>>> print(open('run-v4.cif').read())   # mmCIF, C-alpha atoms
data_target
loop_
_atom_site.label_atom_id
_atom_site.label_comp_id
_atom_site.auth_asym_id
_atom_site.auth_seq_id
_atom_site.Cartn_x
_atom_site.Cartn_y
_atom_site.Cartn_z
CA MET A 236 93.45 305.56 293.37
CA THR A 237 93.18 309.30 292.90
CA ALA A 238 95.13 309.77 296.09
CA THR A 239 97.99 307.56 294.78
CA LEU A 240 98.02 309.45 291.51
CA ALA A 241 98.12 312.73 293.39
CA ILE A 242 101.08 311.58 295.46
CA ILE A 243 102.92 310.37 292.38
CA GLY A 244 102.14 313.65 290.65
CA VAL A 245 103.59 315.64 293.53
CA GLY A 246 106.62 313.33 293.49
CA ILE A 247 107.27 314.00 289.80
CA GLY A 248 106.72 317.69 290.29
CA TRP A 249 109.27 317.70 293.10
CA LEU A 250 111.80 315.81 290.99
CA PHE A 251 111.44 318.21 288.10
CA ALA A 252 111.74 321.15 290.45
CA VAL A 253 114.93 319.71 291.96
CA GLN A 254 116.29 318.95 288.51
CA PHE A 255 115.75 322.48 287.23
CA LYS A 256 116.79 324.17 290.42
CA THR A 257 120.02 322.26 290.95
CA THR A 258 121.32 322.10 287.40
CA PRO A 259 122.45 325.70 286.95
CA THR A 260 123.69 326.43 290.48
CA ARG A 261 125.48 323.15 291.13
CA VAL A 262 126.97 322.46 287.74
CA LEU A 263 128.12 325.87 286.58
CA ASN A 264 130.11 326.98 289.59
CA PRO A 265 132.29 323.99 290.34
CA VAL A 266 132.76 322.93 286.74
CA THR A 267 134.12 326.25 285.49
CA PRO A 268 137.21 326.32 287.72
CA TYR A 269 137.72 322.61 287.12
CA LEU A 270 137.71 323.11 283.36
CA SER A 271 139.98 326.15 283.51
CA LEU A 272 142.35 324.20 285.74
CA THR A 273 142.59 321.29 283.32
CA GLN A 274 143.02 323.74 280.44
CA ALA A 275 145.79 325.56 282.32
CA GLN A 276 147.40 322.22 283.04
CA ALA A 277 147.36 321.26 279.37
CA THR A 278 148.69 324.64 278.21
CA LEU A 279 151.46 324.72 280.80
CA THR A 280 152.51 321.17 279.99
CA ARG A 281 152.75 322.13 276.32
CA ASP A 282 154.74 325.27 277.23
CA GLN A 283 157.11 323.18 279.31
CA GLU A 284 157.69 320.78 276.45
CA GLU A 285 158.37 323.67 274.05
CA THR A 286 160.79 325.43 276.39
CA LYS A 287 162.64 322.16 277.01
CA ASN A 288 163.05 321.68 273.27
CA LYS A 289 164.34 325.22 272.85
CA ILE A 290 166.81 324.69 275.70
CA LYS A 291 167.99 321.48 274.09
CA ALA A 292 168.58 323.26 270.79
CA LEU A 293 170.41 326.15 272.50
CA LYS A 294 172.64 323.75 274.42
CA LYS A 295 173.58 322.01 271.20
CA GLU A 296 174.46 325.32 269.55
CA ILE A 297 176.53 326.34 272.58
CA ASP A 298 178.41 323.01 272.51
CA GLU A 299 179.16 323.56 268.83
CA SER A 300 180.43 327.10 269.46
CA GLN A 301 182.62 325.85 272.29
CA ALA A 302 184.06 323.10 270.13
CA HIS A 303 184.76 325.68 267.46
CA ILE A 304 186.49 328.01 269.93
CA LYS A 305 188.56 325.10 271.19
CA SER A 306 189.86 324.43 267.71
CA GLN A 307 190.52 328.12 267.00
CA GLN A 308 192.34 329.41 270.06
CA LYS A 309 195.07 327.52 271.87
CA SER A 310 194.57 329.49 275.09
CA SER A 311 190.92 328.49 275.24
CA LYS A 312 191.58 324.83 274.60
CA VAL A 313 192.54 324.07 278.22
CA MET A 314 189.50 325.89 279.55
CA VAL A 315 187.08 324.14 277.21
CA GLU A 316 188.60 320.80 278.17
CA GLU A 317 188.07 321.59 281.84
CA LEU A 318 184.49 322.52 281.04
CA GLU A 319 183.92 319.27 279.18
CA SER A 320 185.24 317.20 282.07
CA LEU A 321 182.97 319.10 284.49
CA GLN A 322 179.96 318.63 282.19
CA ASP A 323 180.63 314.90 282.31
CA ARG A 324 180.78 314.91 286.12
CA VAL A 325 177.51 316.74 286.69
CA GLY A 326 175.39 314.74 284.25
CA LEU A 327 175.38 316.98 281.18
CA THR A 328 176.66 314.16 278.96
CA GLU A 329 175.28 310.77 277.98
CA LYS A 330 176.68 307.86 279.99
CA LYS A 331 177.16 304.34 278.62
CA GLY A 332 178.41 301.28 280.41
CA LYS A 333 177.70 298.09 282.28
CA GLY A 334 174.98 298.39 284.88
CA VAL A 335 171.47 297.38 285.83
CA VAL A 336 167.93 298.27 284.89
CA ILE A 337 165.52 298.14 287.81
CA THR A 338 161.78 298.10 287.22
CA LEU A 339 159.63 299.15 290.14
CA ALA A 340 155.90 298.98 289.45
CA ASP A 341 152.51 299.04 291.12
CA SER A 342 151.05 295.68 292.08
CA SER A 343 148.61 294.28 289.52
CA LYS A 344 146.21 293.39 292.32
CA GLU A 345 142.65 294.39 291.54
CA LYS A 346 142.14 296.54 294.62
CA PRO A 347 145.12 298.87 294.98
CA SER A 348 146.09 299.88 298.49
CA ILE A 349 148.52 302.43 299.88
CA ASP A 350 151.12 299.66 300.17
CA SER A 351 150.64 298.10 296.74
CA ILE A 352 151.63 301.17 294.71
CA VAL A 353 155.02 302.82 294.19
CA HIS A 354 155.68 306.04 296.10
CA ALA A 355 158.20 308.81 295.52
CA ALA A 356 159.81 307.82 298.82
CA ASP A 357 160.47 304.30 297.44
CA LEU A 358 162.37 305.78 294.52
CA ARG A 359 164.30 308.12 296.85
CA ASP A 360 165.34 305.17 299.05
CA LEU A 361 166.31 303.05 296.06
CA VAL A 362 168.38 305.83 294.49
CA ASN A 363 170.19 306.44 297.79
CA ILE A 364 171.14 302.74 298.02
CA LEU A 365 172.36 302.83 294.40
CA TRP A 366 174.64 305.84 295.02
CA GLY A 367 175.91 303.99 298.09
CA ALA A 368 176.80 301.06 295.82
CA GLY A 369 178.99 303.36 293.74
CA ALA A 370 176.62 304.08 290.85
CA GLN A 371 178.11 306.48 288.28
CA ALA A 372 174.88 307.66 286.72
CA ILE A 373 171.17 307.11 287.34
CA SER A 374 168.01 308.00 285.47
CA VAL A 375 164.38 307.43 286.47
CA ASN A 376 162.04 307.05 283.50
CA ASP A 377 164.78 308.74 281.44
CA GLU A 378 165.04 311.76 283.74
CA ARG A 379 168.74 312.02 284.57
CA LEU A 380 169.42 312.62 288.24
CA THR A 381 171.75 315.48 289.11
CA ASN A 382 172.89 317.36 292.19
CA THR A 383 169.77 319.52 292.04
CA SER A 384 167.28 316.71 291.30
CA SER A 385 164.39 315.91 293.59
CA ILE A 386 161.83 313.10 293.50
CA ASP A 387 158.51 314.35 294.85
CA SER A 388 154.85 313.53 294.82
CA ILE A 389 151.53 315.34 294.66
CA ILE A 390 149.05 312.88 296.20
CA ASN A 391 149.63 309.90 293.88
CA THR A 392 151.54 311.60 291.08
CA ILE A 393 155.33 311.22 291.10
CA LEU A 394 157.56 314.00 289.78
CA VAL A 395 161.27 313.99 288.98
CA ASP A 396 162.54 317.55 288.74
CA ASN A 397 158.90 318.64 288.51
CA THR A 398 158.31 316.46 285.46
CA LYS A 399 155.49 313.97 285.86
CA ILE A 400 156.49 310.31 285.53
CA THR A 401 154.14 307.34 285.51
CA ASN A 402 154.07 303.67 286.43
CA PRO A 403 156.06 301.49 285.70
CA PHE A 404 159.19 303.21 287.03
CA VAL A 405 162.37 302.23 285.23
CA VAL A 406 165.60 303.09 287.01
CA ARG A 407 168.70 302.84 284.80
CA VAL A 408 172.05 302.66 286.53
CA VAL A 409 175.60 302.63 285.22
CA GLY A 410 177.86 301.03 287.80
CA ASP A 411 179.40 297.85 289.15
CA GLN A 412 176.76 295.13 288.69
CA LYS A 413 178.01 292.96 291.58
CA ASN A 414 178.18 295.85 294.04
CA ILE A 415 174.69 297.02 293.10
CA GLN A 416 173.19 293.53 293.44
CA LYS A 417 174.91 293.13 296.81
CA ALA A 418 173.63 296.47 298.06
CA ILE A 419 170.06 295.64 297.00
CA ASP A 420 170.22 292.16 298.57
CA ASP A 421 171.53 293.52 301.89
CA ALA A 422 169.00 292.53 304.52
CA ASP A 423 168.89 296.03 306.03
CA ALA A 424 168.37 297.81 302.69
CA LEU A 425 164.96 298.69 301.26
CA SER A 426 163.16 296.69 303.96
CA ASP A 427 159.86 298.50 303.38
CA ILE A 428 159.87 297.80 299.63
CA LYS A 429 160.84 294.16 300.19
CA LYS A 430 158.01 293.68 302.65
CA ARG A 431 155.52 295.02 300.10
CA ILE A 432 156.93 292.85 297.28
CA LYS A 433 156.07 289.80 299.37
CA GLY A 434 152.83 290.96 300.91
CA GLU A 435 151.28 293.24 298.31
CA GLY A 436 152.71 292.06 295.02
CA LEU A 437 154.73 295.22 294.37
CA VAL A 438 156.84 294.64 291.25
CA PHE A 439 160.63 294.85 291.69
CA ASN A 440 162.83 293.47 288.97
CA VAL A 441 166.60 293.82 288.59
CA GLU A 442 168.21 293.09 285.24
CA LYS A 443 171.94 293.28 284.50
CA SER A 444 172.70 294.76 281.11
CA ASP A 445 174.59 297.34 279.07
CA VAL A 446 172.99 300.64 279.90
CA THR A 447 172.77 303.99 278.14
CA ILE A 448 171.67 306.92 280.26
CA ASN A 449 170.72 310.14 278.54
CA GLU A 450 172.12 313.50 279.60
CA TYR A 451 170.34 315.99 281.87
CA GLY A 452 167.98 317.94 279.64
CA ALA A 453 168.07 321.26 281.48
CA SER A 454 170.91 323.40 282.83
CA PHE A 455 171.82 324.50 286.34
CA SER A 456 170.92 327.84 287.83
CA ILE A 457 173.32 328.90 290.57
CA ASN A 458 172.44 332.30 291.98
CA PHE A 459 173.79 332.46 295.52
CA ALA A 460 176.88 330.27 295.86
CA LYS A 461 180.28 331.50 294.66
CA VAL A 462 183.60 329.73 294.34
CA LYS A 463 185.68 330.75 297.33
CA MET B 199 87.08 296.50 282.58
CA LYS B 200 88.11 298.97 279.87
CA ILE B 201 88.21 301.81 282.37
CA GLN B 202 90.39 299.72 284.66
CA ILE B 203 92.94 299.09 281.85
CA ILE B 204 93.08 302.81 281.04
CA LYS B 205 93.61 303.60 284.70
CA TYR B 206 96.47 301.09 284.99
CA SER B 207 98.11 302.13 281.74
CA SER B 208 98.18 305.72 282.86
CA LEU B 209 99.78 304.55 286.09
CA ILE B 210 102.38 302.64 284.10
CA VAL B 211 103.18 305.76 282.05
CA VAL B 212 103.53 307.80 285.21
CA ALA B 213 105.74 305.13 286.76
CA VAL B 214 108.02 305.07 283.70
CA ILE B 215 108.39 308.85 283.72
CA LEU B 216 109.10 308.76 287.42
CA GLY B 217 111.74 306.03 286.95
CA TYR B 218 113.39 307.96 284.14
CA ALA B 219 113.43 311.15 286.18
CA ILE B 220 115.00 309.42 289.18
CA VAL B 221 117.69 307.75 287.09
CA SER B 222 118.63 310.91 285.21
CA GLN B 223 118.75 312.83 288.46
CA LEU B 224 121.12 310.28 289.95
CA LYS B 225 123.25 310.28 286.80
CA ILE B 226 123.64 314.05 286.85
CA GLU B 227 124.54 314.02 290.50
CA GLY B 228 127.10 311.32 289.87
CA LYS B 229 128.72 313.33 287.09
CA VAL B 230 128.69 316.53 289.08
CA SER B 231 130.25 314.91 292.12
CA GLU B 232 132.92 313.36 289.92
CA ILE B 233 133.84 316.77 288.55
CA ILE B 234 133.53 318.72 291.76
CA ASP B 235 135.41 316.13 293.82
CA PRO B 236 137.59 318.57 295.74
CA ARG B 237 140.44 316.06 295.88
CA ARG B 238 140.69 315.88 292.11
CA SER B 239 140.49 319.62 291.68
CA SER B 240 143.08 320.29 294.35
CA VAL B 241 145.47 317.72 292.90
CA ILE B 242 145.25 319.46 289.54
CA ALA B 243 145.62 322.85 291.22
CA LEU B 244 148.82 321.63 292.89
CA GLU B 245 150.11 320.26 289.62
CA VAL B 246 149.35 323.56 287.91
CA SER B 247 151.26 325.48 290.57
CA GLU B 248 154.25 323.14 290.18
CA LEU B 249 154.07 323.59 286.43
CA ILE B 250 154.08 327.36 286.78
CA LYS B 251 157.12 327.18 289.05
CA THR B 252 159.01 324.85 286.70
CA ASN B 253 158.13 326.84 283.60
CA GLN B 254 159.47 330.01 285.19
CA GLN B 255 162.73 328.24 285.98
CA LEU B 256 162.93 326.85 282.46
CA LEU B 257 162.33 330.27 280.90
CA ALA B 258 165.07 331.80 283.06
CA GLU B 259 167.36 328.99 281.93
CA GLN B 260 166.48 329.62 278.33
CA ARG B 261 167.35 333.33 278.73
CA ASP B 262 170.71 332.47 280.32
CA LEU B 263 171.55 330.05 277.55
CA GLN B 264 170.54 332.55 274.87
CA GLU B 265 172.84 335.12 276.47
CA GLN B 266 175.64 332.59 276.68
CA LYS B 267 175.20 331.66 273.04
CA ASN B 268 175.31 335.31 271.97
CA LYS B 269 178.51 335.87 273.95
CA LEU B 270 180.17 332.83 272.44
CA ALA B 271 179.33 334.09 268.99
CA SER B 272 180.78 337.57 269.61
CA THR B 273 184.36 338.66 270.40
CA ASP B 274 187.09 336.35 271.70
CA ASN B 275 187.11 338.06 275.10
CA ASP B 276 183.39 337.60 275.57
CA SER B 277 183.46 333.97 274.55
CA GLU B 278 186.32 333.22 276.95
CA GLU B 279 184.45 334.98 279.72
CA SER B 280 181.36 332.92 278.99
CA ILE B 281 183.28 329.65 279.16
CA ALA B 282 184.96 330.74 282.41
CA LYS B 283 181.58 331.51 283.92
CA ASP B 284 180.27 328.10 282.95
CA VAL B 285 183.35 326.42 284.42
CA GLU B 286 182.81 328.24 287.72
CA LYS B 287 179.13 327.25 287.82
CA LEU B 288 179.83 323.57 287.20
CA LYS B 289 182.61 323.59 289.80
CA ILE B 290 179.94 324.61 292.32
CA VAL B 291 177.43 322.01 291.09
CA SER B 292 179.98 319.18 291.13
CA GLY B 293 181.33 320.11 294.56
CA ALA B 294 184.85 320.45 293.18
CA THR B 295 185.60 323.63 295.16
CA GLU B 296 184.88 325.32 298.45
CA VAL B 297 181.90 327.66 298.06
CA VAL B 298 180.62 330.70 299.89
CA GLY B 299 177.21 332.35 300.07
CA PRO B 300 174.11 333.13 302.10
CA GLY B 301 171.49 330.59 303.15
CA VAL B 302 170.19 328.74 306.17
CA GLN B 303 171.53 326.47 308.86
CA ILE B 304 169.35 323.60 310.13
CA GLU B 305 170.04 322.16 313.55
CA SER B 306 168.05 319.13 314.59
CA SER B 307 167.51 318.65 318.29
CA GLU B 308 166.20 315.11 317.83
CA PHE B 309 167.76 312.05 316.28
CA LEU B 310 167.27 311.97 312.54
CA GLN B 311 166.80 308.58 310.90
CA THR B 312 168.22 307.90 307.45
CA VAL B 313 164.81 308.15 305.76
CA GLN B 314 164.15 311.51 307.41
CA LEU B 315 167.51 312.76 306.19
CA ILE B 316 166.79 311.49 302.66
CA ASP B 317 163.45 313.33 302.65
CA LEU B 318 164.98 316.52 304.06
CA ILE B 319 167.82 316.67 301.50
CA ASN B 320 165.31 315.91 298.73
CA ALA B 321 163.10 318.78 299.92
CA LEU B 322 166.07 321.16 300.00
CA ARG B 323 166.83 320.27 296.38
CA ASN B 324 163.19 320.84 295.46
CA ILE B 325 163.04 324.23 297.19
CA GLY B 326 166.25 325.20 295.44
CA ALA B 327 169.69 324.89 296.98
CA ASP B 328 172.97 325.94 295.34
CA ALA B 329 175.05 323.85 297.74
CA ILE B 330 174.43 321.59 300.76
CA ALA B 331 176.67 320.23 303.49
CA ILE B 332 175.89 317.86 306.37
CA ASP B 333 178.23 318.21 309.34
CA ASP B 334 180.74 319.94 307.06
CA GLN B 335 180.60 317.14 304.49
CA ARG B 336 179.54 318.41 301.10
CA VAL B 337 176.47 316.70 299.62
CA VAL B 338 176.57 316.17 295.85
CA VAL B 339 174.59 314.06 293.40
CA ASN B 340 176.08 310.71 294.41
CA THR B 341 176.38 311.27 298.17
CA PHE B 342 175.10 308.24 300.07
CA LEU B 343 173.02 309.09 303.12
CA GLY B 344 173.52 306.35 305.64
CA GLU B 345 174.20 305.35 309.19
CA ASP B 346 177.62 306.97 309.33
CA ILE B 347 176.05 310.43 309.52
CA PHE B 348 175.83 311.84 313.03
CA PRO B 349 172.19 311.42 314.19
CA LYS B 350 171.83 315.11 315.09
CA PRO B 351 173.43 316.70 312.09
CA VAL B 352 173.99 320.39 311.38
CA ILE B 353 172.94 321.03 307.80
CA LYS B 354 174.16 324.11 305.91
CA VAL B 355 172.40 325.18 302.74
CA ILE B 356 173.47 327.97 300.39
CA GLY B 357 170.55 329.54 298.54
CA ASP B 358 167.84 332.18 298.93
CA SER B 359 167.66 332.39 302.73
CA ASP B 360 164.13 333.88 302.81
CA VAL B 361 162.69 331.25 300.48
CA LEU B 362 164.51 328.42 302.25
CA GLU B 363 163.53 329.55 305.73
CA SER B 364 159.84 330.01 304.96
CA ALA B 365 159.52 326.84 302.84
CA LEU B 366 161.22 324.75 305.50
CA THR B 367 159.35 326.04 308.53
CA ARG B 368 155.86 326.69 307.13
CA LYS B 369 152.94 324.64 308.41
CA GLY B 370 152.98 321.31 306.60
CA GLY B 371 156.54 322.02 305.47
CA ILE B 372 159.28 319.43 305.45
CA ILE B 373 160.47 320.02 309.02
CA GLU B 374 156.94 319.34 310.26
CA GLN B 375 156.48 316.42 307.85
CA ILE B 376 159.52 314.53 309.06
CA GLY B 377 158.36 315.16 312.60
CA GLY B 378 161.67 316.73 313.47
CA ASN B 379 162.23 319.45 315.98
CA ALA B 380 164.75 321.49 314.04
CA LYS B 381 165.94 325.05 314.38
CA VAL B 382 166.27 326.89 311.08
CA SER B 383 168.28 330.11 311.05
CA ALA B 384 169.08 332.45 308.17
CA GLN B 385 172.80 333.06 307.59
CA ALA B 386 174.38 335.99 305.77
CA GLU B 387 177.47 334.04 304.77
CA MET B 388 178.62 330.46 305.12
CA ILE B 389 181.54 328.52 303.73
CA LEU B 390 180.90 324.96 302.54
CA PRO B 391 183.84 322.62 301.89
CA ALA B 392 184.68 320.86 298.62
CA ILE B 393 183.99 317.14 298.30
CA LYS B 394 186.70 314.90 299.72
#
>>> encode(input="run-v4.cif", output="C-alpha cells")
Amino acid sequence: MTATLAIIGVGIGWLFAVQFKTTPTRVLNPVTPYLSLTQAQATLTRDQEETKNKIKALKKEIDESQAHIKSQQKSSKVMVEELESLQDRVGLTEKKGKGVVITLADSSKEKPSIDSIVHAADLRDLVNILWGAGAQAISVNDERLTNTSSIDSIINTILVDNTKITNPFVVRVVGDQKNIQKAIDDADALSDIKKRIKGEGLVFNVEKSDVTINEYGASFSINFAKVK
Amino acid sequence: MKIQIIKYSSLIVVAVILGYAIVSQLKIEGKVSEIIDPRRSSVIALEVSELIKTNQQLLAEQRDLQEQKNKLASTDNDSEESIAKDVEKLKIVSGATEVVGPGVQIESSEFLQTVQLIDLINALRNIGADAIAIDDQRVVVNTFLGEDIFPKPVIKVIGDSDVLESALTRKGGIIEQIGGNAKVSAQAEMILPAIK
C-alpha cells in the first residue's frame, strides 16, 4: 500500500515538474512569432484594403478631370477618346452583357481530399478555355482578370492578383453563351475537373444569364516596355 | 474498517489529482502543437510576404495616380502630357503596338504541354512582366493557350531581367515546378510584336 502511494506520489511529482518546466520554454518561443505573424497579416490586409480604396478614389477623380479636359479642349478630345477605348479594352471599365456564371466549389464530402477541393490550377485551366471560347471579360470572385493577372496558391489558399479568394469560386463571363457551353462540353477540355466532379463530388455549375463584370480595381505599372 | 476507508479515500483523492494533471497536460500540449504547427506558421508567413509585396505595388500605384491627378489639374500642357503617357501605357498593356525593352528569353528543350504553358505564363504574370510573346505571337489577357502552339516554344518576356531570371530559375521556381528543362537568358533589348 505504502509502496503504491509512493509510486503515485512520484508520478504526480513528475507530472508537475514536466508541467512547470515545459510551460515557459515551449509556449513562449513558438507562440510569439505566431502571434506577431497573425498580427502582421491582419495589419497588412487592412493596409491593402485602405490603399485600394484610395486608388479607387484617385481613379475616379482622374476620370472626372479627363472628362472635363475633353469638354474644354478640342485638341484633347481625340486623345481622351483613344484613352477611353483603350481603358475599355484592358479591363478598366465595367462590362455588361449576355454570358455565363460558373460556380466551382469544393465537394461537400465530409473527408476532403486533394482531389475534392478546388485548386488555383483548376481556375487557370477554366479561364484559358473561356478565353478560347471568345470571352470578352472574366472575373473570379469579382476580381477582374487583366493582362497582368495571375491565379496562384499558397498551400490551400487561392489568390487572384495577390488578393485572397475563398470557396465557392464564382467565375463571371461576358461572351457568346453557345460558344462557351460548347467549349466546356468539349470532351478534351477540363478533363481533370470533369473526372473529379464525377468521382469526388466537386461542384461545377454553369448558368446562362445577363452578367455584369466590375472593372479592374488597380492600375497597371509598366516600367520596362516602351512603344516602339 | 474505518482505517481502510480513510486509506481508500486518500487513494481516490490522489487518483483524481493524477487524472486532472494528466488531462490538463495533454490539453496544453494539444494547444501548443496547434499553434506551433510549422505548416500553419509557414503558410501565414508566406501570405504575409505576398501581402508585403502587393502592398508595395499598390503604394507605388497610388503615388503614380496622385502624380497623374496633380498633372491633370495643372496647366494644359501637363494635362495633355499625362493623358498621352496613359495612352502609351495602355497601348502596351492591350498589345496594340509593337514594344521594345529588356527582359529574358526562355527556350524549352523539352515538349511543353498546354498545362505547363498555362502555369508558366501565369508565373510570369505573377513575377511581373510588361509584355510576353510566345514564338513571336504576343500574349495578352484573352490569349488562348492551346495545341496550336509549337511544343518547344521560345518565350520572350519584357520586364526586370534580374528579377525574372532569378525568380524563374531559383530552386523550387516555376521552371523546376513544371519539370521543364528550359534555358533562361537575360536580354538587353527585345522587340515584341503587336497582337494580330
>>> resolve_selection(input="run-v4.cif", expression="the PyMOL selection byres ((chain A) within 6 of (chain B))", output="list in words")
Pro265, Gln276, Gln283, Ile290, Ile297, Leu318, Val325, Asn363, Trp366, Gly367, Thr381, Asn382, Thr383, Ser385, Ile457, Phe459, Ala460, Lys461, Val462 and Lys463 of chain A
>>> write_last_selection(input="run-v4.cif", atoms="C-alpha atoms", output="JSON list (two decimals), in the coordinates of the input")
[["chain", "number", "residue", "atom", "x", "y", "z"],
["A", 265, "PRO", "CA", 132.29, 323.99, 290.34],
["A", 276, "GLN", "CA", 147.40, 322.22, 283.04],
["A", 283, "GLN", "CA", 157.11, 323.18, 279.31],
["A", 290, "ILE", "CA", 166.81, 324.69, 275.70],
["A", 297, "ILE", "CA", 176.53, 326.34, 272.58],
["A", 318, "LEU", "CA", 184.49, 322.52, 281.04],
["A", 325, "VAL", "CA", 177.51, 316.74, 286.69],
["A", 363, "ASN", "CA", 170.19, 306.44, 297.79],
["A", 366, "TRP", "CA", 174.64, 305.84, 295.02],
["A", 367, "GLY", "CA", 175.91, 303.99, 298.09],
["A", 381, "THR", "CA", 171.75, 315.48, 289.11],
["A", 382, "ASN", "CA", 172.89, 317.36, 292.19],
["A", 383, "THR", "CA", 169.77, 319.52, 292.04],
["A", 385, "SER", "CA", 164.39, 315.91, 293.59],
["A", 457, "ILE", "CA", 173.32, 328.90, 290.57],
["A", 459, "PHE", "CA", 173.79, 332.46, 295.52],
["A", 460, "ALA", "CA", 176.88, 330.27, 295.86],
["A", 461, "LYS", "CA", 180.28, 331.50, 294.66],
["A", 462, "VAL", "CA", 183.60, 329.73, 294.34],
["A", 463, "LYS", "CA", 185.68, 330.75, 297.33]]
>>> atom_distance(input="run-v4.cif", atom1="CA of Gln335 (chain B)", atom2="CA of Glu378 (chain A)")
26.5 Å
>>> closest_residue(input="run-v4.cif", among="A:Ile419, A:Leu321, A:Ala292, A:Leu240", to="Asn440 (chain A)", atoms="all atoms listed in the file")
A:Ile419
>>> atom_distance(input="run-v4.cif", atom1="CA of Ala453 (chain A)", atom2="CA of Glu299 (chain A)")
17.0 Å
>>> atom_distance(input="run-v4.cif", atom1="CA of Ala418 (chain A)", atom2="CA of Gly369 (chain A)")
9.7 Å
